[in-house]
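Student: Can you keep this structure in mind? I'll have questions shortly.
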Amino acid sequence: MAFQNLFVPRARIATFQVQLRIEDLNNVPPLSGVFYAKWKCQDHSGTSPRVPVVNQEVRWSHAVKKTVDVPISKDGVLTPCELKVAIKQVRVYSHVRTKVGSLTVNLSEYARLSGSSRRYFLQECKLNCTLKLSILVSQQSGPESFDVPALDRSMVLTDLNDMITNENGTTRSGRENSTKGATSFSSRQHSIIRNNSANGNLAFTSASSVHTNTTRSNTTETSTSRALLPIDNTDIRELAPFQRSSKKNQQIVDDVFFSSPSLPT
């Protein structure tokens, strides 16, 4: 039992079995040396094997199984149970150890989950690496009436497949809702028309649509009949400019030059 739990009544302490697997570290540049993970949880601690970088990945698959005691606060919420993981690099020739990054996970947040496998961003990491952990927290003994703190997703990296699945599910549900809405609106419209017809009243929407269609058909027939009327050339000749004045001028010329003068008798 941890030292901080000595002053907590046994009736408010829940015992859990923690199954931890440190899977891998990805997005690692091709650096020389080996990498290992050092972890600590309450009175338990350990170290993973030292593995080199292969295809920008360090794979450990290091399994850990321990038992922890977590007190329950007076508000009925599990107190934090922190798991601390530090990733370190050891150079081959100089044997210098360099800290790549660290991670702190509250295991109390996983008490109600049936297993979790997620990627986490490392803190104080300059290599943009992500660490994959598989966590399973199952209760062994103690009171079962307690609340679990909310899961902190600030350091959790969502996989691309999960994002695509969630997006497709959201789009599909939106399409289904829009289709259902259109169907329900159409059914309500038809029900209103049927009710108005049953009461002896003609629906205003139907009457207006019929009137609009009739007006459009009449307008189309009128424009078509006007387009097919024959053209009267007489009207065009009368509208020609200077047509009447040209006739008068021509008459004057004919009278002066071509008419035979009348001889006095």
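Naming works like this for the structure tokens: A, B, ... for the chains as they're shown, residue 1 at the start of each chain, ligands 1 onward in shown order.
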Can you list every residue in segment 1-185 of chain A that DSSP puts in alpha helix (DSSP H), as a list in words?
Tutor: Leu160, Asn161, Asp162, Met163, Ile164, Thr165, Asn166, Glu167, Asn168, Gly169, Thr170, Thr171, Arg172, Ser173, Gly174, Arg175, Glu176, Asn177, Ser178, Thr179, Lys180, Gly181, Ala182, Thr183, Ser184 and Phe185 of chain A
Student: Hey, what's within 12 Å of Trp60 of chain A if we count only C-alpha atoms and toss same-chain stuff fewer than 6 positions away? As a PyMOL selection string, please?
Tutor: chain A and resi 21-26+34-38+47-54+87+131-133
Student: Which residues come within 12 Å of Ser134 of chain A, counting only C-alpha atoms, excluding same-chain residues fewer than 3 positions away, as an MDAnalysis selection string?
Tutor: chainID A and resid 18:24 61:65 105 107 110 113:120 131 137
Student: Those residues with N, CA, C and O atoms, as a CSV table (one decimal), in the first residue's frame please?
Tutor:
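Output file out.csv is given in full below:
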```csv
chain,number,residue,atom,x,y,z
A,18,VAL,N,-4.0,-3.5,-12.7
A,18,VAL,CA,-3.6,-2.8,-13.9
A,18,VAL,C,-2.8,-3.6,-14.9
A,18,VAL,O,-1.8,-4.2,-14.5
A,19,GLN,N,-3.3,-3.8,-16.1
A,19,GLN,CA,-2.6,-4.5,-17.1
A,19,GLN,C,-2.1,-3.5,-18.2
A,19,GLN,O,-2.9,-2.9,-18.9
A,20,LEU,N,-0.8,-3.2,-18.2
A,20,LEU,CA,-0.3,-2.2,-19.1
A,20,LEU,C,0.6,-2.9,-20.1
A,20,LEU,O,1.4,-3.8,-19.8
A,21,ARG,N,0.6,-2.4,-21.3
A,21,ARG,CA,1.4,-2.8,-22.4
A,21,ARG,C,2.0,-1.6,-23.1
A,21,ARG,O,1.2,-0.8,-23.7
A,22,ILE,N,3.3,-1.4,-23.0
A,22,ILE,CA,4.0,-0.3,-23.8
A,22,ILE,C,4.3,-0.9,-25.2
A,22,ILE,O,5.2,-1.6,-25.3
A,23,GLU,N,3.5,-0.4,-26.1
A,23,GLU,CA,3.6,-1.0,-27.5
A,23,GLU,C,4.8,-0.5,-28.3
A,23,GLU,O,5.7,-1.2,-28.5
A,24,ASP,N,4.7,0.8,-28.7
A,24,ASP,CA,5.8,1.2,-29.6
A,24,ASP,C,5.8,2.8,-29.6
A,24,ASP,O,5.0,3.4,-29.0
A,61,SER,N,6.5,-3.8,-27.1
A,61,SER,CA,5.4,-4.7,-26.7
A,61,SER,C,5.7,-5.2,-25.3
A,61,SER,O,5.6,-6.4,-25.0
A,62,HIS,N,6.1,-4.3,-24.4
A,62,HIS,CA,6.5,-4.6,-23.0
A,62,HIS,C,5.2,-4.7,-22.2
A,62,HIS,O,4.5,-3.7,-22.0
A,63,ALA,N,4.9,-5.8,-21.5
A,63,ALA,CA,3.7,-6.0,-20.7
A,63,ALA,C,4.0,-5.9,-19.3
A,63,ALA,O,5.1,-6.4,-18.8
A,64,VAL,N,3.1,-5.2,-18.6
A,64,VAL,CA,3.2,-5.0,-17.1
A,64,VAL,C,1.9,-5.3,-16.5
A,64,VAL,O,0.8,-5.0,-17.0
A,65,LYS,N,1.9,-6.0,-15.3
A,65,LYS,CA,0.7,-6.4,-14.6
A,65,LYS,C,0.9,-6.2,-13.1
A,65,LYS,O,1.7,-6.9,-12.5
A,105,VAL,N,-0.2,9.5,-17.2
A,105,VAL,CA,-1.6,9.1,-17.4
A,105,VAL,C,-2.3,8.8,-16.1
A,105,VAL,O,-1.7,8.1,-15.2
A,107,LEU,N,-4.6,6.7,-14.2
A,107,LEU,CA,-5.3,5.4,-14.4
A,107,LEU,C,-6.7,5.3,-13.9
A,107,LEU,O,-7.5,4.5,-14.2
A,110,TYR,N,-9.5,5.3,-16.3
A,110,TYR,CA,-9.8,4.1,-17.1
A,110,TYR,C,-10.4,3.0,-16.3
A,110,TYR,O,-10.5,1.8,-16.8
A,113,LEU,N,-13.6,1.6,-18.1
A,113,LEU,CA,-13.4,1.2,-19.5
A,113,LEU,C,-13.0,-0.3,-19.6
A,113,LEU,O,-12.3,-0.8,-18.8
A,114,SER,N,-13.5,-0.9,-20.7
A,114,SER,CA,-13.2,-2.3,-20.9
A,114,SER,C,-11.9,-2.4,-21.8
A,114,SER,O,-12.0,-3.0,-22.9
A,115,GLY,N,-10.8,-1.8,-21.4
A,115,GLY,CA,-9.6,-1.8,-22.2
A,115,GLY,C,-9.5,-0.6,-23.1
A,115,GLY,O,-10.5,-0.1,-23.6
A,116,SER,N,-8.3,-0.1,-23.3
A,116,SER,CA,-8.1,1.0,-24.1
A,116,SER,C,-6.7,0.9,-24.8
A,116,SER,O,-5.7,0.5,-24.1
A,117,SER,N,-6.6,1.3,-26.1
A,117,SER,CA,-5.4,1.3,-26.8
A,117,SER,C,-5.3,2.6,-27.6
A,117,SER,O,-6.0,2.7,-28.6
A,118,ARG,N,-4.5,3.5,-27.1
A,118,ARG,CA,-4.4,4.8,-27.7
A,118,ARG,C,-3.0,5.3,-27.9
A,118,ARG,O,-2.1,4.7,-27.3
A,119,ARG,N,-2.8,6.3,-28.7
A,119,ARG,CA,-1.5,6.9,-28.9
A,119,ARG,C,-1.6,8.3,-28.2
A,119,ARG,O,-2.6,9.0,-28.2
A,120,TYR,N,-0.4,8.6,-27.6
A,120,TYR,CA,-0.3,9.8,-26.8
A,120,TYR,C,0.8,10.6,-27.2
A,120,TYR,O,1.9,10.1,-27.7
A,131,LEU,N,3.5,7.9,-28.5
A,131,LEU,CA,3.7,6.6,-27.7
A,131,LEU,C,2.4,5.9,-27.7
A,131,LEU,O,1.3,6.5,-27.3
A,137,VAL,N,-7.8,-1.6,-16.7
A,137,VAL,CA,-7.9,-1.4,-15.3
A,137,VAL,C,-9.2,-2.1,-14.8
A,137,VAL,O,-10.3,-1.7,-15.2
```
Student: Smallest atom-to-atom distance to Lys126 of chain A: which of A:Thr67, A:Ser138, A:Ser154, A:Asn27, using only C-alpha atoms?
Tutor: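 Of A:Thr67, A:Ser138, A:Ser154, A:Asn27, the one nearest Lys126 of chain A, counting only C-alpha atoms, is A:Asn27.
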Student: Show me, as JSON lines, the residues of segment 94-137 of chain A having an atom within 8 Å of segment 148-153 of chain A, each with the closest atom pair and its distance in Å, using only C-alpha atoms.
Tutor:
```
{"residue": "A:Ser108", "atom": "CA", "partner": "A:Val148", "partner_atom": "CA", "distance": 6.6}
{"residue": "A:Glu109", "atom": "CA", "partner": "A:Leu151", "partner_atom": "CA", "distance": 5.3}
{"residue": "A:Tyr110", "atom": "CA", "partner": "A:Leu151", "partner_atom": "CA", "distance": 7.6}
{"residue": "A:Ala111", "atom": "CA", "partner": "A:Val148", "partner_atom": "CA", "distance": 6.9}
{"residue": "A:Arg112", "atom": "CA", "partner": "A:Val148", "partner_atom": "CA", "distance": 7.2}
```
Student: Contacts of segment 68-80 of chain A at 10 Å or less, counting only C-alpha atoms, minus same-chain residues fewer than 5 places along, as a tab-separated table (two decimals) with C-alpha atoms, in the first residue's frame?
Tutor:
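Everything below was put into part.tsv:
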```
chain	number	residue	atom	x	y	z
A	1	MET	CA	0.00	0.00	0.00
A	2	ALA	CA	1.24	3.48	-0.87
A	4	GLN	CA	-0.44	8.37	1.18
A	5	ASN	CA	-3.12	5.67	1.60
A	8	VAL	CA	-7.47	6.64	4.49
A	9	PRO	CA	-10.07	4.24	5.93
A	10	ARG	CA	-10.06	0.84	4.32
A	11	ALA	CA	-13.74	1.22	3.50
A	12	ARG	CA	-12.82	3.98	1.04
A	13	ILE	CA	-10.01	2.17	-0.78
A	14	ALA	CA	-10.62	0.24	-4.01
A	15	THR	CA	-8.11	-2.28	-5.29
A	16	PHE	CA	-7.51	-2.53	-9.03
A	17	GLN	CA	-5.43	-4.73	-11.24
A	18	VAL	CA	-3.59	-2.76	-13.92
A	41	CYS	CA	3.08	3.79	-10.70
A	42	GLN	CA	2.79	4.19	-6.92
A	43	ASP	CA	5.33	1.79	-5.43
A	44	HIS	CA	5.86	-0.13	-8.67
A	105	VAL	CA	-1.60	9.08	-17.44
A	106	ASN	CA	-4.26	9.02	-14.72
A	107	LEU	CA	-5.26	5.36	-14.41
A	108	SER	CA	-8.38	6.27	-12.42
A	109	GLU	CA	-9.91	7.59	-15.65
A	111	ALA	CA	-11.48	2.25	-14.24
A	137	VAL	CA	-7.93	-1.42	-15.25
A	139	GLN	CA	-11.43	-3.77	-9.93
A	140	GLN	CA	-10.48	-6.59	-7.59
A	141	SER	CA	-11.98	-5.56	-4.27
A	142	GLY	CA	-13.32	-2.62	-2.30
A	143	PRO	CA	-16.45	-0.46	-2.67
A	145	SER	CA	-20.13	2.81	-5.65
A	146	PHE	CA	-17.81	5.55	-6.90
A	147	ASP	CA	-17.50	7.96	-9.79
A	148	VAL	CA	-14.70	8.03	-12.32
A	149	PRO	CA	-13.03	11.31	-13.34
```
Student: When you count only C-alpha atoms, which of these residues is closest to Lys99 of chain A: A:Gln123, A:Leu157, A:Gln251, A:Val58?
Tutor: A:Gln123
